[in-house]
Each structure stands twice: as C-alpha cells, then as structure tokens.
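**Q** Quick one: structure below, then a few questions.
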Amino acid sequence: MDKGFNFLSIYLTHQCNLNCDFCAQRVWDSDYEITMEQVERFCTLCNDVPAPFIRISGGEPLAHPNIEDIIDMLVHMRSRVGMFTNGTLLHHHESIIGKLEIIQLTQYEGRNDEAVARYRNLPNVNLIKRPYYDNPHLDPDYTVDEARYLYSKCVFGAITVVGDNVYGCCRGEPIERFIGIPLHVKLKENWVEEYKRLDPLPACQHCVLVKRENG
C-alpha cells in the first residue's frame, strides 16, 4: 500500500481568513497552530525522508504569525518548497514569493479576485480552480477492494504532518477528527517504520473525491 514519498505536507494552522462553508477541511473552529518547536522537530525528524518536495498547507498558511520564519526553515531543509494559499494575505509577505518553487493559488470567485489578479501571472504561481469535494465521510461502507482502488487513484496521498502527528494522506486528520478513527503515528525517532505500517484504508473508506467539471 506504500505510495512512496513524493512530497511532505506540513499543516501550519487551521485558521483561515475566508472561512468558506464549502471548504473540504471544515476545521475553522479548531485553534490548531503549529509551534516553532514543532516545525524544528519536523525539519529534524523528516530531514532524511527521501521526499524532494515540501508542501505547506492549512487552513490558510499565511495566517500563521511566523510564516516567514517557517518558510526560511523549510527552504533550508529542502530547496523545493511550495504552498497552497488563497493569496489574500500575500501582500503582507511578498518577500517569501521568490523563496518558493511554486505557489498554488486557489481561485475562489468573488472572494479573492484582487489577489488572483495581482499574482496570477508570476512565474512560480499556479492558479487552480476551487476543488469540489463530496462529504469527507460520505460512505463508510466501501469494501476493502473499493477503498484500495480509491487509494491507488488518489491525487492527495502524501505524508502529512499536523503538529506532532503524521498522517497517511492530507485528509486523514479531518477524517480522524470527524469519525474518531485513529489514522496517525507520532512524529518521533524512527517514525517512518511505524508510518509504513499505517493502514490507509479506513480513511479511504470515509473519503470520496469527485472530480467534477471545472473541479
């Protein structure tokens, strides 16, 4: 079931200045915010993981008060660092733009039009349309084979670190929180061996990704 280590995702915060009701994370009532000590631990304990790319996400990562220091730490760890953002706070942190290999700027029409117009043509900005998801725990009755098929096709499979926890995919944390199924291992020495034994299927059985037109 191991999909390899194509990239690492690190979630900085669950806060977002847009608070969209259609967001797949649906975690805006959470006060989670990664500490600098946790970022340092991430850099130390994930340094040897053979994943060339680090993906910064959230929440809105630019809402983290130490975003610039965190990016400096991550860029020092890996030369290839990217970030998912709605872009509305980027004008406060334009010094980070050149440090990131790619900025995935998600377009939410009527909500971040000014940011899209301002940054969409930068060479390292990739404009993406708002993704559409079904409920993250729509159908818990998938068979193991159906869940395994979903996992094999999922574009979101990745090592995802939220604080001191490591998840098998970027949706494992919200599913764990909603459903109560333990889907993580602790970020500690030798965590990779435990991670390799992590069973992704319970998450897949509660996660339906639907690629709709313009999604």
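Residue names in the structure tokens use chain letters A, B, ... in the order shown, residue numbers from 1 in each chain, and ligand numbers from 1 in the order shown.
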From a DSSP calculation on the backbone, collect every residue of segment 8-151 of chain A in alpha helix (DSSP H) and output the set as an NGL selection string.

**A** :A and (36-45 or 67-77 or 113-119 or 144-151)

**Q** Which residues are close to Trp191 of chain A, i.e. within 10 Å by only C-alpha atoms, leaving aside same-chain residues fewer than 4 positions away? Reply as a compact mmCIF listing (two decimals) with C-alpha atoms, in the first residue's frame.

**A**
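Output saved as part-v4.txt:
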```txt
# COMPACT_ATOMS: atom_id res chain seq x y z
CA LEU A 45 12.92 14.16 12.04
CA CYS A 46 11.88 14.46 8.39
CA ASN A 165 1.13 13.67 14.22
CA VAL A 166 1.91 12.07 10.87
CA VAL A 185 1.55 7.87 14.06
CA LYS A 186 3.57 10.16 16.29
CA LEU A 187 6.39 12.24 14.84
CA TYR A 195 4.28 5.06 9.18
CA LYS A 196 4.95 2.28 6.68
```

**Q** Write out as a PyMOL selection string the residues lying within 7 Å of segment 146-156 of chain A, counting only C-alpha atoms and excluding same-chain residues fewer than 2 positions away.

**A** chain A and resi 142-144+158+169-170+201+204-205

**Q** Which residues are close to Asp48 of chain A, i.e. within 12 Å by only C-alpha atoms, leaving aside same-chain residues fewer than 2 positions away? Reply as a list in words.

**A** Phe5, Leu8, Phe42, Cys43, Thr44, Leu45, Cys46, Pro50, Ala51, Pro52, Met77, Arg78, Glu189, Asn190, Trp191 and Val192 of chain A

**Q** Using the selection just defined, write its residues with N, CA and C atoms as a PDB file, in the first residue's frame.

**A**
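And here's again.pdb as it stands now:
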```pdb
ATOM      1  N   PHE A   5       7.288   8.374  -1.178  1.00  0.00           N
ATOM      2  CA  PHE A   5       7.433   9.664  -0.519  1.00  0.00           C
ATOM      3  C   PHE A   5       7.651  10.733  -1.583  1.00  0.00           C
ATOM      4  N   LEU A   8       6.214  15.905   1.161  1.00  0.00           N
ATOM      5  CA  LEU A   8       5.779  16.061   2.539  1.00  0.00           C
ATOM      6  C   LEU A   8       4.819  17.230   2.618  1.00  0.00           C
ATOM      7  N   PHE A  42       9.940  18.821  12.963  1.00  0.00           N
ATOM      8  CA  PHE A  42       9.654  18.371  11.602  1.00  0.00           C
ATOM      9  C   PHE A  42      10.926  18.397  10.767  1.00  0.00           C
ATOM     10  N   CYS A  43      11.656  19.495  10.804  1.00  0.00           N
ATOM     11  CA  CYS A  43      12.870  19.626   9.999  1.00  0.00           C
ATOM     12  C   CYS A  43      13.921  18.597  10.400  1.00  0.00           C
ATOM     13  N   THR A  44      13.998  18.299  11.686  1.00  0.00           N
ATOM     14  CA  THR A  44      14.986  17.330  12.162  1.00  0.00           C
ATOM     15  C   THR A  44      14.578  15.901  11.834  1.00  0.00           C
ATOM     16  N   LEU A  45      13.341  15.548  12.154  1.00  0.00           N
ATOM     17  CA  LEU A  45      12.920  14.156  12.041  1.00  0.00           C
ATOM     18  C   LEU A  45      12.489  13.775  10.630  1.00  0.00           C
ATOM     19  N   CYS A  46      12.256  14.754   9.774  1.00  0.00           N
ATOM     20  CA  CYS A  46      11.880  14.459   8.391  1.00  0.00           C
ATOM     21  C   CYS A  46      13.012  14.769   7.417  1.00  0.00           C
ATOM     22  N   PRO A  50      13.211  10.587   1.954  1.00  0.00           N
ATOM     23  CA  PRO A  50      13.526  10.840   0.543  1.00  0.00           C
ATOM     24  C   PRO A  50      12.362  11.422  -0.235  1.00  0.00           C
ATOM     25  N   ALA A  51      11.850  12.535   0.225  1.00  0.00           N
ATOM     26  CA  ALA A  51      10.786  13.254  -0.481  1.00  0.00           C
ATOM     27  C   ALA A  51      11.358  14.599  -0.908  1.00  0.00           C
ATOM     28  N   PRO A  52      11.474  14.845  -2.190  1.00  0.00           N
ATOM     29  CA  PRO A  52      12.156  16.051  -2.649  1.00  0.00           C
ATOM     30  C   PRO A  52      11.377  17.337  -2.460  1.00  0.00           C
ATOM     31  N   MET A  77      15.780  23.341   4.692  1.00  0.00           N
ATOM     32  CA  MET A  77      15.696  21.878   4.756  1.00  0.00           C
ATOM     33  C   MET A  77      15.634  21.266   3.359  1.00  0.00           C
ATOM     34  N   ARG A  78      14.826  21.837   2.472  1.00  0.00           N
ATOM     35  CA  ARG A  78      14.666  21.370   1.096  1.00  0.00           C
ATOM     36  C   ARG A  78      14.652  22.579   0.182  1.00  0.00           C
ATOM     37  N   GLU A 189      11.468   9.743  16.821  1.00  0.00           N
ATOM     38  CA  GLU A 189      12.544   8.957  16.237  1.00  0.00           C
ATOM     39  C   GLU A 189      11.976   7.660  15.665  1.00  0.00           C
ATOM     40  N   ASN A 190      12.460   7.300  14.468  1.00  0.00           N
ATOM     41  CA  ASN A 190      12.052   6.057  13.805  1.00  0.00           C
ATOM     42  C   ASN A 190      10.564   6.015  13.451  1.00  0.00           C
ATOM     43  N   TRP A 191       9.962   7.178  13.270  1.00  0.00           N
ATOM     44  CA  TRP A 191       8.545   7.217  12.939  1.00  0.00           C
ATOM     45  C   TRP A 191       8.248   6.603  11.573  1.00  0.00           C
ATOM     46  N   VAL A 192       9.234   6.618  10.685  1.00  0.00           N
ATOM     47  CA  VAL A 192       8.996   6.132   9.321  1.00  0.00           C
ATOM     48  C   VAL A 192       8.591   4.664   9.328  1.00  0.00           C
TER      49      VAL A 192
END
```

**Q** Just how far from atom CA of Met83 of chain A is atom CA of Cys207 of chain A, in Å to one decimal?

**A**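 Rounded to one decimal, the two atoms are 23.1 Å apart.
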
**Q** Figure out the distance between atom CA of His91 of chain A and atom CA of Arg118 of chain A, please, to one decimal in Å.

**A**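 Between these atoms lies a distance of 9.2 Å.
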